[in-house]
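Below is the file input.txt, which contains compact mmCIF, C-alpha atoms and all ligand atoms.
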# COMPACT_ATOMS: atom_id res chain seq x y z
CA MET A 10 -37.66 -55.60 -68.50
CA ASN A 11 -40.94 -56.22 -66.74
CA ILE A 12 -40.75 -54.70 -63.24
CA LYS A 13 -43.43 -55.68 -60.74
CA ILE A 14 -44.27 -52.75 -58.48
CA THR A 15 -45.58 -53.07 -54.92
CA LYS A 16 -46.34 -49.69 -53.40
CA ALA A 17 -45.49 -49.01 -49.74
CA GLU A 18 -48.61 -48.76 -47.57
CA THR A 19 -47.37 -45.73 -45.74
CA LEU A 20 -44.85 -43.26 -47.08
CA LYS A 21 -42.17 -41.83 -44.83
CA ALA A 22 -41.97 -38.12 -44.07
CA LYS A 23 -39.23 -36.57 -46.18
CA PRO A 24 -36.43 -34.85 -44.25
CA ALA A 25 -37.63 -31.28 -43.72
CA ASP A 26 -34.20 -29.72 -43.45
CA GLU A 27 -32.23 -30.19 -46.68
CA GLU A 28 -29.25 -28.42 -45.12
CA ASN A 29 -28.65 -31.31 -42.73
CA LEU A 30 -29.17 -34.38 -44.89
CA GLY A 31 -25.74 -35.74 -44.12
CA PHE A 32 -24.61 -38.72 -46.20
CA GLY A 33 -26.56 -41.97 -46.09
CA LYS A 34 -28.77 -41.08 -43.12
CA TYR A 35 -32.13 -41.35 -44.95
CA TYR A 36 -33.49 -43.93 -47.38
CA THR A 37 -36.47 -43.57 -49.69
CA ASP A 38 -39.75 -45.53 -49.57
CA HIS A 39 -38.90 -48.17 -52.18
CA MET A 40 -36.05 -50.28 -53.45
CA PHE A 41 -35.29 -52.36 -56.54
CA MET A 42 -34.55 -56.06 -56.24
CA MET A 43 -33.85 -58.78 -58.79
CA ASP A 44 -32.67 -62.39 -58.59
CA TRP A 45 -30.22 -64.47 -60.56
CA SER A 46 -30.03 -68.23 -60.71
CA VAL A 47 -28.16 -70.63 -62.94
CA ASP A 48 -31.40 -71.89 -64.49
CA GLU A 49 -33.29 -68.63 -64.92
CA GLY A 50 -30.57 -65.99 -65.23
CA TRP A 51 -31.80 -62.54 -64.14
CA HIS A 52 -35.50 -62.64 -63.28
CA ASN A 53 -38.08 -61.43 -60.77
CA ALA A 54 -37.43 -57.66 -61.16
CA GLN A 55 -39.36 -55.77 -58.52
CA ILE A 56 -39.78 -52.37 -56.95
CA ILE A 57 -40.91 -53.03 -53.37
CA PRO A 58 -41.20 -51.12 -50.09
CA TYR A 59 -37.80 -50.33 -48.56
CA GLY A 60 -37.08 -52.69 -45.71
CA PRO A 61 -35.24 -55.74 -44.38
CA ILE A 62 -34.75 -58.75 -46.63
CA PRO A 63 -34.81 -62.32 -45.30
CA MET A 64 -31.50 -64.10 -45.73
CA ASP A 65 -30.29 -67.59 -45.04
CA PRO A 66 -27.51 -67.50 -42.42
CA ALA A 67 -25.42 -69.60 -44.80
CA SER A 68 -25.76 -67.01 -47.61
CA MET A 69 -22.33 -67.00 -49.19
CA VAL A 70 -21.94 -63.23 -49.10
CA LEU A 71 -21.90 -63.39 -45.30
CA HIS A 72 -18.97 -65.80 -45.33
CA TYR A 73 -16.87 -65.22 -48.43
CA ALA A 74 -17.83 -61.63 -49.32
CA GLN A 75 -18.94 -61.99 -52.92
CA GLU A 76 -20.34 -58.46 -52.95
CA THR A 77 -19.92 -55.53 -55.33
CA PHE A 78 -21.47 -52.09 -55.41
CA GLU A 79 -21.74 -48.85 -57.30
CA GLY A 80 -22.42 -45.22 -56.45
CA LEU A 81 -23.91 -42.47 -58.60
CA LYS A 82 -26.22 -39.50 -58.13
CA ALA A 83 -29.47 -38.08 -59.49
CA TYR A 84 -30.08 -34.32 -59.55
CA ARG A 85 -33.26 -32.33 -60.02
CA ASN A 86 -33.21 -29.18 -62.08
CA GLY A 87 -36.69 -27.74 -62.51
CA ASP A 88 -38.75 -30.56 -63.99
CA ASP A 89 -35.69 -32.42 -65.20
CA ILE A 90 -34.17 -35.42 -63.43
CA LEU A 91 -30.55 -35.88 -64.41
CA ILE A 92 -28.11 -38.72 -63.87
CA PHE A 93 -24.42 -38.76 -64.71
CA ARG A 94 -22.80 -41.44 -66.93
CA PRO A 95 -24.78 -44.42 -65.52
CA GLU A 96 -23.50 -46.72 -68.27
CA MET A 97 -19.99 -46.26 -66.83
CA ASN A 98 -21.20 -47.57 -63.47
CA ALA A 99 -22.87 -50.51 -65.24
CA LEU A 100 -19.65 -51.40 -67.05
CA ARG A 101 -17.56 -51.05 -63.91
CA MET A 102 -19.90 -53.32 -61.97
CA GLN A 103 -19.51 -55.92 -64.72
CA LYS A 104 -15.72 -55.79 -64.30
CA SER A 105 -16.05 -56.00 -60.51
CA ASN A 106 -18.40 -59.00 -60.79
CA GLU A 107 -16.12 -60.70 -63.28
CA ARG A 108 -13.20 -60.39 -60.84
CA LEU A 109 -15.29 -61.83 -58.00
CA CYS A 110 -16.70 -64.66 -60.18
CA MET A 111 -20.23 -63.29 -59.77
CA ALA A 112 -23.07 -63.23 -62.29
CA GLU A 113 -22.76 -60.04 -64.36
CA VAL A 114 -25.63 -57.56 -64.52
CA PRO A 115 -26.25 -56.56 -68.17
CA GLU A 116 -25.89 -52.82 -68.83
CA GLU A 117 -29.54 -52.48 -69.94
CA ILE A 118 -30.83 -54.07 -66.72
CA PHE A 119 -28.54 -51.96 -64.54
CA VAL A 120 -29.48 -48.67 -66.20
CA GLU A 121 -33.19 -49.46 -66.42
CA ALA A 122 -33.35 -50.48 -62.76
CA VAL A 123 -31.65 -47.24 -61.71
CA GLU A 124 -33.79 -45.06 -63.94
CA GLU A 125 -37.10 -46.71 -63.04
CA LEU A 126 -36.47 -46.53 -59.30
CA VAL A 127 -35.27 -42.90 -59.43
CA ARG A 128 -38.32 -41.93 -61.49
CA TYR A 129 -40.60 -43.73 -59.04
CA GLU A 130 -38.97 -41.94 -56.09
CA LYS A 131 -38.44 -38.58 -57.79
CA ASP A 132 -40.11 -36.61 -54.98
CA TRP A 133 -37.19 -37.65 -52.80
CA ILE A 134 -34.60 -35.84 -54.91
CA PRO A 135 -33.55 -32.79 -52.87
CA THR A 136 -33.11 -29.49 -54.68
CA SER A 137 -30.92 -27.32 -52.42
CA GLU A 138 -27.43 -26.50 -53.59
CA GLY A 139 -24.94 -29.30 -52.91
CA THR A 140 -27.66 -31.91 -52.40
CA SER A 141 -28.61 -34.89 -54.58
CA LEU A 142 -30.14 -38.34 -54.51
CA TYR A 143 -27.38 -40.89 -53.98
CA ILE A 144 -27.98 -44.13 -55.87
CA ARG A 145 -26.49 -47.33 -54.49
CA PRO A 146 -26.74 -50.39 -56.76
CA PHE A 147 -25.23 -53.55 -55.28
CA CYS A 148 -24.96 -57.24 -55.97
CA PHE A 149 -24.29 -60.16 -53.64
CA ALA A 150 -24.21 -63.96 -53.38
CA THR A 151 -27.32 -65.51 -51.81
CA GLU A 152 -26.65 -69.21 -52.24
CA ALA A 153 -26.76 -70.98 -48.87
CA ALA A 154 -23.53 -72.96 -48.80
CA VAL A 155 -20.42 -72.88 -46.68
CA GLY A 156 -18.18 -74.57 -49.25
CA VAL A 157 -16.01 -72.12 -51.19
CA HIS A 158 -17.04 -71.79 -54.84
CA PRO A 159 -18.70 -69.18 -57.05
CA ALA A 160 -22.27 -68.90 -55.75
CA THR A 161 -25.10 -70.17 -57.90
CA SER A 162 -27.57 -67.43 -56.91
CA TYR A 163 -27.32 -63.65 -56.51
CA LYS A 164 -29.40 -60.58 -55.86
CA PHE A 165 -29.01 -57.23 -57.58
CA MET A 166 -30.54 -54.35 -55.63
CA VAL A 167 -30.75 -50.57 -55.78
CA ILE A 168 -31.44 -48.28 -52.83
CA LEU A 169 -31.62 -44.48 -52.78
CA SER A 170 -30.60 -41.89 -50.21
CA PRO A 171 -31.07 -38.11 -50.32
CA VAL A 172 -27.69 -36.62 -49.40
CA GLY A 173 -25.96 -33.33 -48.69
CA GLN A 174 -22.22 -32.63 -48.72
CA TYR A 175 -20.09 -35.71 -48.09
CA TYR A 176 -17.76 -33.88 -45.73
CA PRO A 177 -19.22 -31.56 -43.09
CA GLU A 178 -16.31 -29.27 -44.10
CA GLY A 179 -17.96 -28.83 -47.53
CA VAL A 180 -15.63 -27.93 -50.41
CA ASN A 181 -12.87 -26.94 -48.03
CA PRO A 182 -9.42 -28.45 -47.73
CA VAL A 183 -9.08 -31.54 -45.58
CA LYS A 184 -6.14 -32.89 -43.60
CA ILE A 185 -4.77 -36.19 -44.88
CA PHE A 186 -2.76 -38.82 -43.04
CA VAL A 187 -0.38 -40.85 -45.22
CA GLU A 188 -0.72 -44.50 -44.16
CA ASP A 189 2.55 -46.41 -44.06
CA GLU A 190 1.54 -49.49 -42.06
CA TYR A 191 -1.64 -50.83 -43.69
CA VAL A 192 -2.32 -51.14 -47.44
CA ARG A 193 -5.65 -51.07 -49.29
CA ALA A 194 -4.85 -53.16 -52.35
CA VAL A 195 -2.12 -54.78 -54.40
CA VAL A 196 -1.77 -55.45 -58.11
CA GLY A 197 -3.36 -58.84 -58.77
CA GLY A 198 -5.84 -58.34 -55.94
CA THR A 199 -9.22 -56.61 -56.06
CA GLY A 200 -8.22 -52.94 -55.85
CA PHE A 201 -9.81 -52.10 -59.22
CA ALA A 202 -13.10 -53.79 -58.27
CA LYS A 203 -15.69 -51.85 -56.29
CA CYS A 204 -16.31 -54.48 -53.65
CA GLY A 205 -17.18 -54.41 -49.98
CA GLY A 206 -14.14 -56.50 -49.10
CA ASN A 207 -11.79 -53.66 -50.08
CA TYR A 208 -13.60 -51.41 -47.67
CA ALA A 209 -13.51 -53.94 -44.84
CA ALA A 210 -9.73 -54.01 -45.22
CA SER A 211 -9.37 -50.23 -45.32
CA ILE A 212 -11.58 -49.06 -42.44
CA ILE A 213 -8.71 -49.53 -39.98
CA GLY A 214 -6.66 -46.93 -41.86
CA GLN A 215 -9.53 -44.48 -41.76
CA VAL A 216 -9.99 -45.01 -38.02
CA LYS A 217 -6.29 -44.51 -37.42
CA ALA A 218 -6.27 -41.29 -39.44
CA GLN A 219 -9.35 -39.94 -37.68
CA ASP A 220 -7.97 -40.82 -34.25
CA ALA A 221 -4.91 -38.75 -35.16
CA GLY A 222 -7.11 -35.79 -36.11
CA TYR A 223 -7.16 -36.28 -39.89
CA THR A 224 -10.18 -36.48 -42.18
CA GLN A 225 -8.91 -39.20 -44.48
CA VAL A 226 -6.06 -41.50 -45.29
CA LEU A 227 -3.74 -41.47 -48.29
CA TRP A 228 -2.88 -45.01 -49.38
CA LEU A 229 0.52 -46.05 -50.68
CA ASP A 230 1.14 -49.03 -52.94
CA GLY A 231 1.39 -52.40 -51.22
CA VAL A 232 4.72 -53.50 -52.70
CA HIS A 233 7.15 -50.57 -52.50
CA ARG A 234 5.13 -48.70 -49.88
CA LYS A 235 5.98 -45.41 -51.53
CA TYR A 236 3.83 -44.74 -54.57
CA VAL A 237 0.63 -42.82 -53.97
CA GLU A 238 -2.56 -44.73 -54.86
CA GLU A 239 -5.78 -43.21 -53.54
CA VAL A 240 -7.06 -40.88 -50.88
CA GLY A 241 -9.70 -42.56 -48.71
CA THR A 242 -12.39 -43.67 -51.13
CA MET A 243 -11.35 -41.21 -53.82
CA ASN A 244 -8.85 -41.05 -56.62
CA VAL A 245 -6.21 -38.39 -56.18
CA MET A 246 -4.65 -35.70 -58.39
CA PHE A 247 -1.77 -33.29 -57.87
CA VAL A 248 -0.92 -30.05 -59.66
CA VAL A 249 2.87 -30.04 -59.93
CA ASP A 250 4.55 -27.18 -61.80
CA GLY A 251 1.36 -26.56 -63.78
CA GLU A 252 0.94 -30.21 -64.83
CA ILE A 253 -1.55 -32.64 -63.37
CA LEU A 254 -0.27 -35.97 -62.04
CA THR A 255 -2.46 -38.90 -61.04
CA PRO A 256 -1.66 -42.57 -60.32
CA PRO A 257 -2.16 -44.93 -63.30
CA LEU A 258 -4.83 -47.66 -63.40
CA GLU A 259 -2.71 -50.79 -63.08
CA GLY A 260 -4.99 -52.97 -60.99
CA SER A 261 -4.72 -51.61 -57.47
CA VAL A 262 -6.45 -48.27 -58.10
CA LEU A 263 -10.22 -47.98 -58.54
CA PRO A 264 -11.08 -46.59 -62.01
CA GLY A 265 -13.17 -43.63 -60.85
CA ILE A 266 -15.72 -42.10 -63.17
CA THR A 267 -15.06 -38.70 -61.59
CA ARG A 268 -11.34 -39.29 -62.24
CA ASP A 269 -12.04 -40.09 -65.88
CA SER A 270 -14.29 -37.02 -66.24
CA CYS A 271 -11.69 -34.72 -64.63
CA ILE A 272 -8.91 -35.98 -66.89
CA ARG A 273 -11.09 -35.29 -69.93
CA ILE A 274 -12.02 -31.78 -68.79
CA LEU A 275 -8.45 -30.89 -67.76
CA ARG A 276 -7.06 -32.02 -71.13
CA ASP A 277 -9.76 -29.98 -72.90
CA TRP A 278 -8.59 -26.99 -70.91
CA GLY A 279 -5.10 -27.58 -72.32
CA TYR A 280 -3.46 -29.08 -69.25
CA THR A 281 -1.01 -31.93 -69.48
CA VAL A 282 -2.36 -34.82 -67.39
CA LYS A 283 0.15 -37.55 -66.63
CA GLU A 284 -0.98 -40.94 -65.33
CA THR A 285 2.21 -41.82 -63.56
CA HIS A 286 3.69 -43.26 -60.36
CA ILE A 287 4.12 -40.56 -57.72
CA ASP A 288 6.69 -41.20 -55.00
CA ILE A 289 5.49 -39.93 -51.61
CA ASN A 290 9.02 -38.70 -50.82
CA ASP A 291 9.01 -36.52 -53.94
CA LEU A 292 5.53 -35.31 -53.09
CA MET A 293 6.56 -34.24 -49.58
CA GLU A 294 9.62 -32.48 -51.03
CA TRP A 295 7.50 -30.70 -53.67
CA THR A 296 5.10 -29.64 -50.95
CA LYS A 297 7.96 -28.06 -49.01
CA THR A 298 9.37 -26.22 -52.03
CA GLY A 299 5.98 -25.13 -53.37
CA LYS A 300 6.37 -27.15 -56.59
CA LEU A 301 3.18 -28.92 -55.49
CA GLN A 302 0.55 -26.25 -56.11
CA GLU A 303 -2.70 -28.11 -55.51
CA ALA A 304 -3.92 -31.55 -54.47
CA PHE A 305 -7.44 -32.96 -54.52
CA GLY A 306 -9.45 -36.16 -54.34
CA THR A 307 -12.11 -37.08 -56.92
CA GLY A 308 -15.18 -39.26 -56.37
CA THR A 309 -18.95 -39.28 -56.79
CA ALA A 310 -19.67 -38.73 -53.09
CA ALA A 311 -17.63 -35.55 -52.51
CA VAL A 312 -17.04 -34.80 -56.26
CA ILE A 313 -13.82 -32.81 -55.72
CA SER A 314 -12.20 -32.58 -52.32
CA PRO A 315 -9.19 -30.27 -51.89
CA ILE A 316 -6.30 -31.51 -49.76
CA GLY A 317 -4.82 -28.88 -47.43
CA GLU A 318 -2.32 -30.89 -45.45
CA LEU A 319 -0.31 -34.11 -45.67
CA ASN A 320 1.25 -35.92 -42.72
CA TYR A 321 3.79 -38.58 -43.68
CA LYS A 322 5.71 -40.26 -40.85
CA GLY A 323 5.10 -37.27 -38.59
CA ASN A 324 6.27 -34.72 -41.17
CA GLU A 325 3.42 -32.24 -41.71
CA GLN A 326 3.24 -30.14 -44.85
CA ILE A 327 0.61 -27.57 -45.74
CA ILE A 328 -0.50 -27.35 -49.37
CA ASN A 329 -1.38 -23.98 -50.97
CA ASN A 330 -1.69 -22.30 -47.53
CA PHE A 331 -4.56 -24.68 -46.73
CA LYS A 332 -6.70 -22.99 -49.41
CA THR A 333 -8.65 -24.46 -52.30
CA GLY A 334 -6.52 -23.87 -55.40
CA PRO A 335 -7.83 -22.33 -58.65
CA ILE A 336 -7.76 -25.54 -60.72
CA THR A 337 -9.46 -27.51 -57.94
CA HIS A 338 -12.12 -24.83 -57.62
CA LYS A 339 -12.75 -24.51 -61.37
CA LEU A 340 -12.99 -28.30 -61.75
CA TYR A 341 -15.54 -28.50 -58.95
CA GLU A 342 -17.63 -25.69 -60.45
CA THR A 343 -17.45 -27.15 -63.95
CA LEU A 344 -18.18 -30.76 -63.07
CA THR A 345 -21.03 -30.00 -60.65
CA GLY A 346 -22.37 -27.44 -63.17
CA ILE A 347 -22.52 -30.14 -65.87
CA GLN A 348 -24.00 -32.70 -63.45
CA TRP A 349 -26.69 -30.29 -62.33
CA GLY A 350 -27.53 -29.28 -65.89
CA ASN A 351 -26.52 -25.67 -65.21
CA LEU A 352 -23.60 -25.75 -67.62
CA GLU A 353 -23.53 -27.03 -71.18
CA ASP A 354 -22.52 -30.71 -71.39
CA PRO A 355 -20.23 -31.00 -74.42
CA TYR A 356 -19.50 -34.66 -73.59
CA GLY A 357 -22.99 -36.12 -73.59
CA TRP A 358 -22.45 -37.31 -70.00
CA VAL A 359 -25.74 -36.22 -68.51
CA ARG A 360 -28.83 -38.32 -69.09
CA LYS A 361 -32.29 -36.85 -68.66
CA ILE A 362 -34.67 -39.47 -67.35
C1 LIG B 401 -15.99 -45.45 -55.85
C2 LIG B 401 -14.53 -45.22 -55.55
C3 LIG B 401 -13.80 -44.15 -56.11
C4 LIG B 401 -14.42 -43.07 -56.95
O1 LIG B 401 -15.08 -43.50 -58.08
P1 LIG B 401 -16.18 -42.58 -58.77
O2 LIG B 401 -16.67 -43.39 -59.90
O3 LIG B 401 -15.48 -41.33 -59.19
O4 LIG B 401 -17.21 -42.31 -57.73
C5 LIG B 401 -12.43 -44.09 -55.83
N1 LIG B 401 -11.84 -44.99 -55.04
C6 LIG B 401 -12.51 -46.00 -54.46
C7 LIG B 401 -11.79 -46.97 -53.60
C8 LIG B 401 -13.88 -46.15 -54.70
O5 LIG B 401 -14.54 -47.15 -54.12
As structure tokens, the full file:
Amino acid sequence: MNIKITKAETLKAKPADEENLGFGKYYTDHMFMMDWSVDEGWHNAQIIPYGPIPMDPASMVLHYAQETFEGLKAYRNGDDILIFRPEMNALRMQKSNERLCMAEVPEEIFVEAVEELVRYEKDWIPTSEGTSLYIRPFCFATEAAVGVHPATSYKFMVILSPVGQYYPEGVNPVKIFVEDEYVRAVVGGTGFAKCGGNYAASIIGQVKAQDAGYTQVLWLDGVHRKYVEEVGTMNVMFVVDGEILTPPLEGSVLPGITRDSCIRILRDWGYTVKETHIDINDLMEWTKTGKLQEAFGTGTAAVISPIGELNYKGNEQIINNFKTGPITHKLYETLTGIQWGNLEDPYGWVRKI
């Protein structure tokens, strides 16, 4: 791919304090942008100064939400820049775009765009423990039309943000509110696609949970309103009697790359991992009796996030004395160790760029 580069005239000052990067507060000097049209396919690949983009008010994304995105991270270890399983993000974006009838971004274009931009902005990759460069590829409909149909033009973009811990709590247990009024997704809908529309529908649950003093929301399935699906914007796993249970990928759950990586590592460690429906009533009962030993969310942003408390219909249950359990802790150390290049990577997941 031939990428035209326009360098920013002035470069921004990099955040001096890596301890307080937050998540998504800062953006780097440049961004990647590429266009798709029916006639030309993907063309016009550019790295340009980060900034606003002109858009027609009738751009279809603003009306019918044809938008998909991805999230992955780059790490710096000495002179090495590392990224984690980018081809998985590329494939997932293809599935998301297919579901939303959007032009698909070929894997080579996706990975090259990410790698070229990260390389170009490598001085922005923070190095303190727990920090990384968050990579946000996204795709959206630009055709100016208010009739409903698959758009005939799209943009694919990548922006970068140096980030710290996702939760100010760090790798400490969080309190979770089980949502029984709103649902995030249903089978047959777009739950498996990483698209902005899913988030628009779920923010209300997050607000409700936070207003009640909880960090995140645990979603139940939209039909029976009793099977656990996801926790906030993460997949979820439970250690029950020494086995690991996680909801299956049947269309309403997002196929997380962290989820996939955890399942692989846990099975290599000899654990039984069951992808199975988990009834919230059983879960609350197991929490009371201690059969539920650990619970945690998995996702690129927070990597592994232990769950210390569940509130379902006013019934509050503490998990593992509100402490990070041993499996949760070991998974976090192992996965971040591999991602950072500090531990051997037996899976070939880490790509040096
Ligand atoms: C992105 C995302 C996840 C986690 O996926 P990873 O690939 O592990 O980052 C889980 N649930 C939802 C709803 C997501 O959008």
Open item on the list: Please return as a PyMOL selection string the residues found within 9 Å of ligand LIG 401 (chain B), counting all atoms listed in the file.
Closed with: chain A and resi 78-81+97-98+101+193+200-205+207-208+239-245+262-270+306-312
Save the residues we just selected, C-alpha atoms, as a PDB file, keeping the file's coordinate frame?
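Saved the output as out.pdb:
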ATOM      1  CA  PHE A  78     -21.470 -52.090 -55.410  1.00  0.00           C
ATOM      2  CA  GLU A  79     -21.740 -48.850 -57.300  1.00  0.00           C
ATOM      3  CA  GLY A  80     -22.420 -45.220 -56.450  1.00  0.00           C
ATOM      4  CA  LEU A  81     -23.910 -42.470 -58.600  1.00  0.00           C
ATOM      5  CA  MET A  97     -19.990 -46.260 -66.830  1.00  0.00           C
ATOM      6  CA  ASN A  98     -21.200 -47.570 -63.470  1.00  0.00           C
ATOM      7  CA  ARG A 101     -17.560 -51.050 -63.910  1.00  0.00           C
ATOM      8  CA  ARG A 193      -5.650 -51.070 -49.290  1.00  0.00           C
ATOM      9  CA  GLY A 200      -8.220 -52.940 -55.850  1.00  0.00           C
ATOM     10  CA  PHE A 201      -9.810 -52.100 -59.220  1.00  0.00           C
ATOM     11  CA  ALA A 202     -13.100 -53.790 -58.270  1.00  0.00           C
ATOM     12  CA  LYS A 203     -15.690 -51.850 -56.290  1.00  0.00           C
ATOM     13  CA  CYS A 204     -16.310 -54.480 -53.650  1.00  0.00           C
ATOM     14  CA  GLY A 205     -17.180 -54.410 -49.980  1.00  0.00           C
ATOM     15  CA  ASN A 207     -11.790 -53.660 -50.080  1.00  0.00           C
ATOM     16  CA  TYR A 208     -13.600 -51.410 -47.670  1.00  0.00           C
ATOM     17  CA  GLU A 239      -5.780 -43.210 -53.540  1.00  0.00           C
ATOM     18  CA  VAL A 240      -7.060 -40.880 -50.880  1.00  0.00           C
ATOM     19  CA  GLY A 241      -9.700 -42.560 -48.710  1.00  0.00           C
ATOM     20  CA  THR A 242     -12.390 -43.670 -51.130  1.00  0.00           C
ATOM     21  CA  MET A 243     -11.350 -41.210 -53.820  1.00  0.00           C
ATOM     22  CA  ASN A 244      -8.850 -41.050 -56.620  1.00  0.00           C
ATOM     23  CA  VAL A 245      -6.210 -38.390 -56.180  1.00  0.00           C
ATOM     24  CA  VAL A 262      -6.450 -48.270 -58.100  1.00  0.00           C
ATOM     25  CA  LEU A 263     -10.220 -47.980 -58.540  1.00  0.00           C
ATOM     26  CA  PRO A 264     -11.080 -46.590 -62.010  1.00  0.00           C
ATOM     27  CA  GLY A 265     -13.170 -43.630 -60.850  1.00  0.00           C
ATOM     28  CA  ILE A 266     -15.720 -42.100 -63.170  1.00  0.00           C
ATOM     29  CA  THR A 267     -15.060 -38.700 -61.590  1.00  0.00           C
ATOM     30  CA  ARG A 268     -11.340 -39.290 -62.240  1.00  0.00           C
ATOM     31  CA  ASP A 269     -12.040 -40.090 -65.880  1.00  0.00           C
ATOM     32  CA  SER A 270     -14.290 -37.020 -66.240  1.00  0.00           C
ATOM     33  CA  GLY A 306      -9.450 -36.160 -54.340  1.00  0.00           C
ATOM     34  CA  THR A 307     -12.110 -37.080 -56.920  1.00  0.00           C
ATOM     35  CA  GLY A 308     -15.180 -39.260 -56.370  1.00  0.00           C
ATOM     36  CA  THR A 309     -18.950 -39.280 -56.790  1.00  0.00           C
ATOM     37  CA  ALA A 310     -19.670 -38.730 -53.090  1.00  0.00           C
ATOM     38  CA  ALA A 311     -17.630 -35.550 -52.510  1.00  0.00           C
ATOM     39  CA  VAL A 312     -17.040 -34.800 -56.260  1.00  0.00           C
TER      40      VAL A 312
END
Counting all atoms listed in the file, which residues sit no farther than 6 Å from the position (-38.7, -47.8, -49.4) in the file's frame? I'd like them as a PDB file with C-alpha atoms, in the coordinates of the input.
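Saved file result-v8.pdb follows:
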ATOM      1  CA  THR A  37     -36.470 -43.570 -49.690  1.00  0.00           C
ATOM      2  CA  ASP A  38     -39.750 -45.530 -49.570  1.00  0.00           C
ATOM      3  CA  HIS A  39     -38.900 -48.170 -52.180  1.00  0.00           C
ATOM      4  CA  MET A  40     -36.050 -50.280 -53.450  1.00  0.00           C
ATOM      5  CA  PRO A  58     -41.200 -51.120 -50.090  1.00  0.00           C
ATOM      6  CA  TYR A  59     -37.800 -50.330 -48.560  1.00  0.00           C
TER       7      TYR A  59
END
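The smallest atom-to-atom distance between Pro95 of chain A and any of A:Asp44, A:Gln75, A:Ile144, A:Glu49, using only C-alpha atoms, is found for A:Ile144.
Minimum distance to Leu227 of chain A across A:Val187, A:Ile212, A:Val195, A:Ile347 (counting all atoms listed in the file) occurs at A:Val187.
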- [ ] Please identify all polymer residues within 7 Å of segment 163-176 of chain A, counting all atoms listed in the file, omitting same-chain residues fewer than 2 positions from it, and present them as a PyMOL selection string.
- [x] chain A and resi 28-33+35-37+40-46+123+133-135+139-151+178-179+310-311
TODO: Give me, please, the distance in Å between atom CA of Tyr341 of chain A and atom CA of Asn320 of chain A, quoted to one decimal.
DONE: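 Atom CA of Asn320 of chain A lies 24.5 Å from atom CA of Tyr341 of chain A.
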Since the input lacks atoms, please generate all heavy atoms for segment 254-258 of chain A and provide them as an mmCIF file, keeping the file's coordinate frame.
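This went into result_27.cif:
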data_model
loop_
_atom_site.group_PDB
_atom_site.id
_atom_site.type_symbol
_atom_site.label_atom_id
_atom_site.label_comp_id
_atom_site.auth_asym_id
_atom_site.auth_seq_id
_atom_site.Cartn_x
_atom_site.Cartn_y
_atom_site.Cartn_z
ATOM 1 N N LEU A 254 -0.743 -34.584 -62.189
ATOM 2 C CA LEU A 254 -0.270 -35.970 -62.040
ATOM 3 C C LEU A 254 -1.316 -36.772 -61.295
ATOM 4 O O LEU A 254 -1.885 -36.307 -60.312
ATOM 5 C CB LEU A 254 1.050 -36.019 -61.258
ATOM 6 C CG LEU A 254 2.206 -35.125 -61.698
ATOM 7 C CD1 LEU A 254 3.450 -35.450 -60.873
ATOM 8 C CD2 LEU A 254 2.508 -35.313 -63.179
ATOM 9 N N THR A 255 -1.543 -38.004 -61.749
ATOM 10 C CA THR A 255 -2.460 -38.900 -61.040
ATOM 11 C C THR A 255 -1.966 -40.336 -61.218
ATOM 12 O O THR A 255 -1.407 -40.677 -62.267
ATOM 13 C CB THR A 255 -3.915 -38.706 -61.531
ATOM 14 O OG1 THR A 255 -4.809 -39.362 -60.631
ATOM 15 C CG2 THR A 255 -4.138 -39.259 -62.938
ATOM 16 N N PRO A 256 -2.137 -41.186 -60.202
ATOM 17 C CA PRO A 256 -1.660 -42.570 -60.320
ATOM 18 C C PRO A 256 -2.335 -43.318 -61.475
ATOM 19 O O PRO A 256 -3.514 -43.085 -61.744
ATOM 20 C CB PRO A 256 -2.050 -43.195 -58.974
ATOM 21 C CG PRO A 256 -2.185 -42.045 -58.042
ATOM 22 C CD PRO A 256 -2.686 -40.901 -58.868
ATOM 23 N N PRO A 257 -1.602 -44.187 -62.166
ATOM 24 C CA PRO A 257 -2.160 -44.930 -63.300
ATOM 25 C C PRO A 257 -3.068 -46.071 -62.824
ATOM 26 O O PRO A 257 -2.992 -46.494 -61.678
ATOM 27 C CB PRO A 257 -0.921 -45.500 -63.988
ATOM 28 C CG PRO A 257 0.101 -45.613 -62.899
ATOM 29 C CD PRO A 257 -0.189 -44.530 -61.906
ATOM 30 N N LEU A 258 -3.912 -46.553 -63.727
ATOM 31 C CA LEU A 258 -4.830 -47.660 -63.400
ATOM 32 C C LEU A 258 -4.129 -48.976 -63.767
ATOM 33 O O LEU A 258 -4.191 -49.416 -64.906
ATOM 34 C CB LEU A 258 -6.133 -47.514 -64.184
ATOM 35 C CG LEU A 258 -6.902 -46.206 -63.977
ATOM 36 C CD1 LEU A 258 -8.151 -46.182 -64.856
ATOM 37 C CD2 LEU A 258 -7.267 -46.002 -62.512
#
